[in-house]
Each structure stands twice: as C-alpha cells, then as structure tokens.
Amino acid sequence: MISLRVRSAELLPAGTRWTVTGRWLPSTGFGGKPAGLLVVREFVSLPGHPGLTPRIRTWLARTISELYGVRAGLVDALITGRRGDIDPVLKASFARSGLVHLLSISGFHVGVVFGWTVLLLRPLRLRRGRASALASFLVFGYVAFLGWPAPATRAAFLCGLGAWCLARQRNPSAGALLAVTCLGVTLLDPWALFDLGGWLSASAFFGSMVFVRWSDRALGESAGWRMLFGSLGATLATAPFTAGGLGSVALAGIGLNFAAIPLAALAVPAVLLSVMLVPLMRVAAEALAAGGALGLAGLEWLARLGGGVPWAAVMGEPGLVAALPWAGLLGLALWAIGRRNTSRKAALRAGWVAGVLGVLSLLPVDRLTAPDLGESLSLHFLNVGQGDAALIRSPSGRWILVDAGPAGGGVSGGGGEGRDAGREVVVPFLARHGVGRLAAVLLSHAHLDHVGGVPAVLREVPADVIVDPAEPVSEPHYLEMLDLADERGMGWRAGRAGDSLIVDGVVLKVLHPDTTWTRWREDLNDDSLVLLVRSGNFEAVLAGDLGVKAESLLAGRIGMVDLLKVGHHGSAGSSGPQWLSELRPKAAVISVGRNRYGHPAPSALARLAAAGSEVWRTDREGTISVTVGQRLMTVKGRSGTRRYPLTP
C-alpha cells in the first residue's frame, strides 16, 4: 500500500479511484522491507462507485467531525488509529507523557471493546463462554475493518484464544498465549516481524504479565499494586524498542496511567457508541458524545500535565547504542524480582542495582564518548533528512542552533518527511549534552525544511536571541516561532550583512542578506542568512540555501575557508565554480535526505571535487561532527574520522 498526502480543503471520499502519474524512488526499509517515495506529478479522478467499506470510512470521518468538532482528530485516532489530524503539540505531549499508546489502535483498545461487549451481553443471560465468543467475532470484524494492524491483530487473537479456552475449560499460561498470538500475527503478515508497533505490543504484554504475576504473589492482588507494576513492567519491557526506534523513553506514564487508563476505558466505549447511535438515535448519540468529549478533555489535560514535567521522557538519538542500556536495566529488573523472590529479597536486589547505577553515574563516561567536550570549538550537522540543522558549541560550552530541520509532511521550498526534526532529532541531541538554554538561534530563512523544527526546540530549550532575515512570510512554523519568542521573552532581531554575534570568542559574522541588493525579496533562498564562523585559524561558511546569483554578490569578500556547509542541499543552482574557487574548502558538508529534487546534483558534486573539497553527506554519514583544534580540524561520521590542517 502506498500512502499519498493530498492538500485539499474538501474531504476526499474513501474508495474513489485515481489515475496517478509520477516517479517512484525505491528504497529499502528495516529488515529489507520494500519502501520508497512516489513523486506525484498529476492525478486525475476516475468515475466509479466506492464499495461498502470505503463508504463506511467516509461516513465515519464526517460523523466524527460533526459530533466532536475540534477533537475530531483525537476521536479518529481512538477509533481508526489515524493520528494525522491531531494538533502536533498535543501529539508531542501524549508522546512525552507516556500516554501515546492511547492514541494507537493497540491491545488496550481491543481489550476495552472486548470487555465492554461481554459486559453488555451478560444481561441478555448469555453464558460467559458464548458472550466471549460473540465479543471475539466483533473484535475480529473491527480489526479487519482497520486493516489488520499488528498490535490490534495480536490482541484479537488473544481474545479469540481466551474465548476458546473458556469454552474448553483450558487454563494455558500467559507466556504460551503470547507466543501463539505472536505466531498468528507473523503467519498473517510476515512483515510484522519488522513492525515496531507489533514489538511494542508484545513486549508491553510480556512486561506487564511478568511484573503483575510477581506483585500478585509477593504483595497481594490489589488493583493498586497491579496497576503500578503493570505500568512499570510495560514501560521497562518496551524501553529498549522505543529508545532504539524512536529515541525516547517516556517515564511519566508509569504514574499517569493510574488516571489515564480508567478514563480511557470509559471514554473509548462512549465515543464508539456515540458514533454507532447516530443513524438510530441522534439525541442519544449527542449525549454520549458530550460525555466522551469530557473524558477526552481529561486525557488531553493529563497529557499536557505529564508532558510538562521535567524528565518526563528520557531522550536520545535512536539506534542500538540507545537501546542497550535500557535492555540492561530490564534484565536487572527481572533479576531483582526473580521467579520466586519475596518482596524483601526483591527490594534488597533493587537496592544493589540502584547502588551500582549510582556509582556508574559518577564516572566521566561522557568525556570518553562525546566528541565536543573540552576547550575546543565544535560543529554538529545533524541528520534531519531533507533539511538543515546544525549546532555550534563554543569552547566554554555555550550552544548556538542554526536551523532545526523539517516538520510535517508538506514542503515549502524544501523537504519534509512527515516528522518534526526539532522534537525527534535536535531536542534529544541537546538533552544528551545537558543543554538547558541556547545562546542563540540563527534561522537561515523561513522555508519549512529549515524552520519547521524550531518551535519544538524552543518549547523545550529557550534561547537568548533569535536572528533571521526578517522577510515577511506566511509559513505557520515561522509565525509560531515568533509567537514563542514573544511569549517567553526571548530576544529577536533581523540579521543583516555586517552584523556579528560573538559567543566565548567565537565570531559569527553575517555575510548576507544585504537589503540594498537589487534582487532582495525575489527568492527566499537567495535571501538566506549566510554565516562566517571564525575561531582562531579556523573559518567556516554556513550558506543556508544560497544560490549562484547571491553567491556572485559575495565574490571577493571571504577568501579561503576550512569548511563549507554547502548551499541548498547541493542543488545544481548552488555552489558555483567562482564561489568554490574562492572558498576552496577542505571539507564540504551537504545536509540532505531522500528527496524528489535530485539533491545533491551530480554537477554540484563535480564542482566540489574540482575545488579539492571532500564531501560529507548527512544521508550517508548520519550526524557529522567537526572538532576544531589549534592546527587541525577533525571531521567524524559513520564512515570514519578524517583530520585536515587548518589554513594558516
């Protein structure tokens, strides 16, 4: 299945047929799963009549919008699992507070539907086995309507097996049920092995099962202990996967689940029934919708409350390195509770674990791993996909952000990959380095692939001052950035040629824009804020999305530099031969991701090679770190480390 994002003021009915003309850019997903990007040039609607299921989907979307208004996106997530229409700030709050599982069609939702169906059928004097069987049929129909997502499919299999075991008077172990349901999901869709949602669902079930089983034996079967250890077990068991795949582990949910899960267990059936009753009893449906909306408001309040708590989530760069510590912590927790440990013995082991971790936290491990500690200048070009984001650390440890990558699925002069690079890449990087405030945020220009992530960063890490070209634009993320600066008392000023910002001896000189230029405001790219970074013998140029026309304006004003952040992601219309013959950078960094523009262009790469510049690309090297010494510049990426002598 290929997903297309179409900008339209009208709701496009599900099931309509289109002729789509475009170019397919293939790629390979995790585990070798085929993936790619369809670059659509033209699409034309075809005549035809949608089937029953698409018509139901269209009716659902319209009904939800009528009943719930501004909360329609949240209701859509609870019923169908689609989260595209939820406010990004609210979605981030759910993720940071550890309640994002409530927005996904997971085992929890399927369990709520199953449990409420059984409760509603019991007054009809049906036996438990028959009521469970009917509830299972309903659950399987619901999951089929959703398209068999792995987490919901596993839960549906579990409900079906549970009903069968009840009818046959069997009592299998929870571990056996988990294994069989996971096998069923894999047989139905082998690619589910590489689905993060499926792994999160299975690991959450495993963790809560193991920890609740221990708490029942050691502490008693009270609802409070079960909720606490169920949440703790699910969080620890899913932590290696969320850290490795998403770069964050939400801890606030352990406590918030005490209120959120009962609230969601009431809100979800109210929402479902309100939608189902619309064709039969509109008045009853609206009454239920009012009650469901009240529950949703409570969930939103909990998410915002939890998302605002310091250290609600531990964030880092996704990958195996991020997952390993959490896997080790899970192993230690399982060792602490053991299979037959009493609460006293488990507490003793937990004390030993806490003591060892406390001692390890005092070791200067970060000095052995971080490339930018010490009394030296460092620059980090973050891997944010098709966009720009760079961080500069002064020798005294103050940080400057230059752009923050894309956000959302649309593009505005650049790329966007359906995510918020500020929240998912820049903020975790800052958190890992203990950055609580930025000395400055420098925005090259207000295209989405540069400004998109800035609001998410500023919500977490404020800045002393924001500098940008100050060209009037209607880009929402840029306007949101200005609103945040005003609300939180952050300084703002326009950057103009000749301005300078000095941070701990590091000079950031603005080379462009020049408002006296005759082409000012013709092209937002050519009005980019261009920076010359100077510290000792080191000089670097960060060119934003500058094109050849604007490069000619700067001819003869710079001279040779050591490092160049290549303009406009290496497009054919940037990095002209005269510009490169003057700068002659030893290393050139191209911030680029999968895109439809052909960046970096072969002609631009050829010109860089002719100028004697070694190219470093974020799509191949990941985050590229540059450390500046007295005589050498060290560049580090995935492929290795290279050292270059500085220009005297």
# chains A, B, ... in the order shown; residues from 1 in each chain; ligands from 1
$ select_by_dssp --residues "region 156-355 of chain A" --states "alpha helix (DSSP H)" --output "ChimeraX atom specification"
/A:156-168,174-188,196-218,223-245,253-277,282-307,320-337,343-355
$ closest_residue --among "A:Pro476, A:Pro26, A:Gly81, A:Gly637" --to "His380 (chain A)" --atoms "only C-alpha atoms"
A:Gly637
$ residues_around --residues "Glu614 (chain A)" --least-positions-apart "6" --cutoff "12 Å" --atoms "only C-alpha atoms" --output "CSV table (one decimal) with N, CA and C atoms, in the first residue's frame"
chain,number,residue,atom,x,y,z
A,562,ASP,N,38.1,26.8,5.8
A,562,ASP,CA,38.4,25.4,6.0
A,562,ASP,C,37.2,24.4,5.8
A,563,LEU,N,36.0,25.0,6.0
A,563,LEU,CA,34.8,24.1,6.0
A,563,LEU,C,33.6,24.9,5.3
A,564,LEU,N,32.8,24.2,4.5
A,564,LEU,CA,31.7,24.8,3.9
A,564,LEU,C,30.4,23.9,4.1
A,565,LYS,N,29.4,24.5,4.7
A,565,LYS,CA,28.1,23.9,4.7
A,565,LYS,C,27.5,24.3,3.4
A,566,VAL,N,27.4,23.3,2.5
A,566,VAL,CA,27.0,23.6,1.1
A,566,VAL,C,25.6,24.1,1.0
A,584,ARG,N,37.5,27.4,-1.6
A,584,ARG,CA,38.3,26.2,-1.7
A,584,ARG,C,38.3,25.5,-0.3
A,585,PRO,N,37.1,25.1,0.2
A,585,PRO,CA,37.1,24.4,1.5
A,585,PRO,C,37.7,23.0,1.4
A,586,LYS,N,38.3,22.6,2.5
A,586,LYS,CA,38.9,21.3,2.6
A,586,LYS,C,37.8,20.2,2.7
A,587,ALA,N,36.8,20.6,3.5
A,587,ALA,CA,35.7,19.6,3.7
A,587,ALA,C,34.4,20.4,3.4
A,588,ALA,N,33.5,19.7,2.8
A,588,ALA,CA,32.2,20.3,2.4
A,588,ALA,C,31.1,19.4,3.0
A,589,VAL,N,30.2,19.9,3.8
A,589,VAL,CA,29.1,19.2,4.4
A,589,VAL,C,27.8,19.5,3.6
A,590,ILE,N,27.1,18.4,3.2
A,590,ILE,CA,25.8,18.5,2.5
A,590,ILE,C,24.8,17.9,3.4
A,605,LEU,N,28.3,18.2,-7.2
A,605,LEU,CA,29.4,17.3,-6.7
A,605,LEU,C,30.7,17.4,-7.5
A,606,ALA,N,30.5,17.5,-8.8
A,606,ALA,CA,31.7,17.6,-9.7
A,606,ALA,C,32.4,18.9,-9.4
A,607,ARG,N,31.7,20.0,-9.2
A,607,ARG,CA,32.3,21.3,-8.9
A,607,ARG,C,33.1,21.2,-7.6
A,608,LEU,N,32.5,20.6,-6.6
A,608,LEU,CA,33.1,20.5,-5.3
A,608,LEU,C,34.4,19.6,-5.4
A,635,VAL,N,36.9,15.8,11.4
A,635,VAL,CA,35.5,15.6,10.9
A,635,VAL,C,35.2,14.1,11.1
A,642,ARG,N,38.3,11.9,9.7
A,642,ARG,CA,39.4,12.5,8.9
A,642,ARG,C,39.9,13.8,9.6
A,643,ARG,N,41.2,14.0,9.5
A,643,ARG,CA,41.8,15.3,10.0
A,643,ARG,C,42.3,16.1,8.9
A,644,TYR,N,42.1,17.4,9.0
A,644,TYR,CA,42.5,18.4,8.0
A,644,TYR,C,43.3,19.5,8.6
$ closest_residue --among "A:Val271, A:Leu232, A:Cys159, A:Ala431" --to "Asn257 (chain A)" --atoms "only C-alpha atoms"
A:Leu232
$ residues_around --residues "region 620-623 of chain A" --least-positions-apart "2" --cutoff "12 Å" --atoms "only C-alpha atoms" --output "number ranges by chain"
A: 317-319, 371, 379-385, 388-391, 425-426, 429, 589-594, 615-618, 625-626, 635-641
$ write_last_selection --atoms "N, CA and C atoms" --output "mmCIF file, in the first residue's frame"
data_model
loop_
_atom_site.group_PDB
_atom_site.id
_atom_site.type_symbol
_atom_site.label_atom_id
_atom_site.label_comp_id
_atom_site.auth_asym_id
_atom_site.auth_seq_id
_atom_site.Cartn_x
_atom_site.Cartn_y
_atom_site.Cartn_z
ATOM 1 N N GLU A 317 19.471 9.824 20.749
ATOM 2 C CA GLU A 317 19.477 9.511 19.323
ATOM 3 C C GLU A 317 19.102 8.051 19.133
ATOM 4 N N PRO A 318 18.105 7.745 18.269
ATOM 5 C CA PRO A 318 17.705 6.348 18.065
ATOM 6 C C PRO A 318 18.869 5.489 17.598
ATOM 7 N N GLY A 319 18.805 4.206 17.923
ATOM 8 C CA GLY A 319 19.834 3.282 17.483
ATOM 9 C C GLY A 319 20.134 2.230 18.536
ATOM 10 N N PRO A 371 32.394 13.851 21.453
ATOM 11 C CA PRO A 371 33.497 14.427 20.686
ATOM 12 C C PRO A 371 33.679 15.915 20.919
ATOM 13 N N LEU A 379 31.304 21.788 15.790
ATOM 14 C CA LEU A 379 30.105 21.994 14.991
ATOM 15 C C LEU A 379 29.493 20.628 14.700
ATOM 16 N N HIS A 380 28.186 20.541 14.803
ATOM 17 C CA HIS A 380 27.489 19.282 14.572
ATOM 18 C C HIS A 380 26.396 19.515 13.537
ATOM 19 N N PHE A 381 26.494 18.819 12.411
ATOM 20 C CA PHE A 381 25.491 18.900 11.361
ATOM 21 C C PHE A 381 24.596 17.672 11.507
ATOM 22 N N LEU A 382 23.378 17.904 12.008
ATOM 23 C CA LEU A 382 22.506 16.809 12.408
ATOM 24 C C LEU A 382 21.812 16.185 11.208
ATOM 25 N N ASN A 383 21.579 14.901 11.306
ATOM 26 C CA ASN A 383 20.912 14.163 10.241
ATOM 27 C C ASN A 383 19.396 14.315 10.403
ATOM 28 N N VAL A 384 18.824 15.314 9.738
ATOM 29 C CA VAL A 384 17.393 15.600 9.856
ATOM 30 C C VAL A 384 16.654 15.306 8.560
ATOM 31 N N GLY A 385 17.241 14.502 7.677
ATOM 32 C CA GLY A 385 16.605 14.242 6.398
ATOM 33 C C GLY A 385 16.835 15.387 5.440
ATOM 34 N N ASP A 388 17.990 21.275 6.953
ATOM 35 C CA ASP A 388 19.230 21.733 7.580
ATOM 36 C C ASP A 388 19.030 21.869 9.082
ATOM 37 N N ALA A 389 20.026 21.453 9.837
ATOM 38 C CA ALA A 389 20.081 21.713 11.274
ATOM 39 C C ALA A 389 21.523 21.529 11.716
ATOM 40 N N ALA A 390 22.060 22.549 12.361
ATOM 41 C CA ALA A 390 23.443 22.485 12.837
ATOM 42 C C ALA A 390 23.517 23.102 14.225
ATOM 43 N N LEU A 391 24.414 22.568 15.033
ATOM 44 C CA LEU A 391 24.651 23.093 16.379
ATOM 45 C C LEU A 391 26.123 23.418 16.528
ATOM 46 N N VAL A 425 15.025 14.977 16.698
ATOM 47 C CA VAL A 425 16.478 14.926 16.491
ATOM 48 C C VAL A 425 17.207 15.987 17.315
ATOM 49 N N VAL A 426 16.797 17.258 17.166
ATOM 50 C CA VAL A 426 17.544 18.345 17.800
ATOM 51 C C VAL A 426 17.398 18.312 19.315
ATOM 52 N N PHE A 429 19.358 15.538 20.995
ATOM 53 C CA PHE A 429 20.793 15.845 20.967
ATOM 54 C C PHE A 429 21.144 16.829 22.077
ATOM 55 N N VAL A 589 30.171 19.934 3.788
ATOM 56 C CA VAL A 589 29.073 19.164 4.375
ATOM 57 C C VAL A 589 27.793 19.463 3.606
ATOM 58 N N ILE A 590 27.122 18.401 3.153
ATOM 59 C CA ILE A 590 25.830 18.542 2.490
ATOM 60 C C ILE A 590 24.768 17.934 3.400
ATOM 61 N N SER A 591 23.842 18.763 3.848
ATOM 62 C CA SER A 591 22.728 18.286 4.666
ATOM 63 C C SER A 591 21.592 17.911 3.730
ATOM 64 N N VAL A 592 21.313 16.620 3.620
ATOM 65 C CA VAL A 592 20.394 16.135 2.597
ATOM 66 C C VAL A 592 19.750 14.835 3.065
ATOM 67 N N GLY A 593 18.558 14.564 2.563
ATOM 68 C CA GLY A 593 17.862 13.311 2.809
ATOM 69 C C GLY A 593 17.183 12.857 1.536
ATOM 70 N N ARG A 594 16.362 11.844 1.648
ATOM 71 C CA ARG A 594 15.614 11.365 0.489
ATOM 72 C C ARG A 594 14.727 12.497 -0.017
ATOM 73 N N VAL A 615 33.626 15.679 0.249
ATOM 74 C CA VAL A 615 32.211 15.836 0.568
ATOM 75 C C VAL A 615 31.793 14.881 1.679
ATOM 76 N N TRP A 616 31.061 15.429 2.651
ATOM 77 C CA TRP A 616 30.456 14.649 3.730
ATOM 78 C C TRP A 616 28.956 14.881 3.660
ATOM 79 N N ARG A 617 28.179 13.798 3.537
ATOM 80 C CA ARG A 617 26.733 13.893 3.372
ATOM 81 C C ARG A 617 26.018 13.288 4.579
ATOM 82 N N THR A 618 25.030 14.015 5.106
ATOM 83 C CA THR A 618 24.329 13.510 6.286
ATOM 84 C C THR A 618 23.485 12.281 5.974
ATOM 85 N N SER A 625 30.153 15.458 12.911
ATOM 86 C CA SER A 625 30.722 16.300 13.971
ATOM 87 C C SER A 625 32.091 16.809 13.552
ATOM 88 N N VAL A 626 32.310 18.090 13.758
ATOM 89 C CA VAL A 626 33.579 18.733 13.409
ATOM 90 C C VAL A 626 34.160 19.339 14.681
ATOM 91 N N VAL A 635 36.904 15.801 11.379
ATOM 92 C CA VAL A 635 35.539 15.553 10.923
ATOM 93 C C VAL A 635 35.230 14.074 11.143
ATOM 94 N N LYS A 636 34.068 13.823 11.756
ATOM 95 C CA LYS A 636 33.704 12.447 12.098
ATOM 96 C C LYS A 636 32.298 12.135 11.619
ATOM 97 N N GLY A 637 32.144 10.980 10.964
ATOM 98 C CA GLY A 637 30.846 10.483 10.528
ATOM 99 C C GLY A 637 30.814 8.977 10.633
ATOM 100 N N ARG A 638 29.808 8.349 10.045
ATOM 101 C CA ARG A 638 29.692 6.892 10.128
ATOM 102 C C ARG A 638 30.876 6.184 9.482
ATOM 103 N N SER A 639 31.362 6.744 8.391
ATOM 104 C CA SER A 639 32.422 6.067 7.646
ATOM 105 C C SER A 639 33.781 6.174 8.308
ATOM 106 N N GLY A 640 33.919 7.041 9.306
ATOM 107 C CA GLY A 640 35.203 7.170 9.982
ATOM 108 C C GLY A 640 35.524 8.617 10.328
ATOM 109 N N THR A 641 36.805 8.846 10.583
ATOM 110 C CA THR A 641 37.280 10.163 11.023
ATOM 111 C C THR A 641 38.405 10.625 10.109
#
$ residues_around --residues "region 345-356 of chain A" --least-positions-apart "3" --cutoff "9 Å" --atoms "only C-alpha atoms" --output "compact mmCIF listing (two decimals) with C-alpha atoms, in the first residue's frame"
# COMPACT_ATOMS: atom_id res chain seq x y z
CA LEU A 329 18.05 -2.19 33.02
CA LEU A 332 18.44 -6.14 36.12
CA ALA A 333 14.79 -5.55 37.00
CA TRP A 335 16.81 -10.35 38.14
CA ALA A 336 15.61 -8.26 41.08
CA ILE A 337 12.10 -9.70 41.18
CA GLY A 338 13.22 -13.18 40.14
CA ASN A 341 11.68 -13.72 45.17
CA THR A 342 9.84 -12.25 48.12
CA VAL A 359 28.30 4.70 41.24
CA LEU A 360 28.37 4.32 37.44
CA SER A 361 26.59 7.66 37.02
$ decode --residues "region 63-119 of chain A" --atoms "C-alpha atoms" --output "PDB file, in the first residue's frame"
ATOM      1  CA  THR A  63     -19.859  11.839  11.568  1.00  0.00           C
ATOM      2  CA  ILE A  64     -16.875  12.201  13.875  1.00  0.00           C
ATOM      3  CA  SER A  65     -16.278  15.724  12.587  1.00  0.00           C
ATOM      4  CA  GLU A  66     -19.931  16.656  13.218  1.00  0.00           C
ATOM      5  CA  LEU A  67     -20.048  15.184  16.737  1.00  0.00           C
ATOM      6  CA  TYR A  68     -16.655  16.197  18.098  1.00  0.00           C
ATOM      7  CA  GLY A  69     -15.550  19.304  16.209  1.00  0.00           C
ATOM      8  CA  VAL A  70     -12.031  20.330  17.244  1.00  0.00           C
ATOM      9  CA  ARG A  71     -11.491  16.945  18.925  1.00  0.00           C
ATOM     10  CA  ALA A  72     -12.345  15.014  15.769  1.00  0.00           C
ATOM     11  CA  GLY A  73      -8.667  14.211  15.173  1.00  0.00           C
ATOM     12  CA  LEU A  74      -8.329  12.692  18.638  1.00  0.00           C
ATOM     13  CA  VAL A  75     -11.515  10.632  18.183  1.00  0.00           C
ATOM     14  CA  ASP A  76     -10.315   9.475  14.766  1.00  0.00           C
ATOM     15  CA  ALA A  77      -7.106   8.238  16.404  1.00  0.00           C
ATOM     16  CA  LEU A  78      -9.040   6.347  19.085  1.00  0.00           C
ATOM     17  CA  ILE A  79     -11.382   4.664  16.597  1.00  0.00           C
ATOM     18  CA  THR A  80      -9.303   4.150  13.442  1.00  0.00           C
ATOM     19  CA  GLY A  81      -5.729   4.774  14.600  1.00  0.00           C
ATOM     20  CA  ARG A  82      -5.111   7.676  12.189  1.00  0.00           C
ATOM     21  CA  ARG A  83      -3.298  10.485  14.009  1.00  0.00           C
ATOM     22  CA  GLY A  84      -2.608  12.878  11.142  1.00  0.00           C
ATOM     23  CA  ASP A  85      -5.243  15.423  12.188  1.00  0.00           C
ATOM     24  CA  ILE A  86      -4.191  15.756  15.838  1.00  0.00           C
ATOM     25  CA  ASP A  87      -2.549  19.014  16.809  1.00  0.00           C
ATOM     26  CA  PRO A  88       1.232  18.369  16.679  1.00  0.00           C
ATOM     27  CA  VAL A  89       1.780  20.000  20.077  1.00  0.00           C
ATOM     28  CA  LEU A  90      -0.857  17.763  21.676  1.00  0.00           C
ATOM     29  CA  LYS A  91       0.571  14.702  19.942  1.00  0.00           C
ATOM     30  CA  ALA A  92       4.016  15.554  21.311  1.00  0.00           C
ATOM     31  CA  SER A  93       2.517  15.899  24.810  1.00  0.00           C
ATOM     32  CA  PHE A  94       0.990  12.419  24.572  1.00  0.00           C
ATOM     33  CA  ALA A  95       4.341  11.003  23.449  1.00  0.00           C
ATOM     34  CA  ARG A  96       6.367  12.771  26.152  1.00  0.00           C
ATOM     35  CA  SER A  97       3.906  11.855  28.917  1.00  0.00           C
ATOM     36  CA  GLY A  98       3.937   8.157  28.033  1.00  0.00           C
ATOM     37  CA  LEU A  99       0.259   8.130  27.018  1.00  0.00           C
ATOM     38  CA  VAL A 100       0.752   7.857  23.252  1.00  0.00           C
ATOM     39  CA  HIS A 101      -0.372   4.214  23.426  1.00  0.00           C
ATOM     40  CA  LEU A 102      -3.882   5.581  23.986  1.00  0.00           C
ATOM     41  CA  LEU A 103      -3.777   7.172  20.520  1.00  0.00           C
ATOM     42  CA  SER A 104      -2.818   3.949  18.748  1.00  0.00           C
ATOM     43  CA  ILE A 105      -5.122   1.042  17.987  1.00  0.00           C
ATOM     44  CA  SER A 106      -3.358  -1.350  20.346  1.00  0.00           C
ATOM     45  CA  GLY A 107      -4.141  -4.243  22.648  1.00  0.00           C
ATOM     46  CA  PHE A 108      -5.644  -1.794  25.122  1.00  0.00           C
ATOM     47  CA  HIS A 109      -8.331  -0.603  22.674  1.00  0.00           C
ATOM     48  CA  VAL A 110      -9.160  -4.117  21.543  1.00  0.00           C
ATOM     49  CA  GLY A 111      -9.344  -5.250  25.175  1.00  0.00           C
ATOM     50  CA  VAL A 112     -11.702  -2.386  26.030  1.00  0.00           C
ATOM     51  CA  VAL A 113     -14.010  -3.259  23.108  1.00  0.00           C
ATOM     52  CA  PHE A 114     -13.930  -6.944  24.058  1.00  0.00           C
ATOM     53  CA  GLY A 115     -14.538  -6.330  27.766  1.00  0.00           C
ATOM     54  CA  TRP A 116     -17.412  -3.884  27.292  1.00  0.00           C
ATOM     55  CA  THR A 117     -19.069  -6.151  24.729  1.00  0.00           C
ATOM     56  CA  VAL A 118     -19.003  -9.052  27.191  1.00  0.00           C
ATOM     57  CA  LEU A 119     -20.450  -6.828  29.930  1.00  0.00           C
TER      58      LEU A 119
END
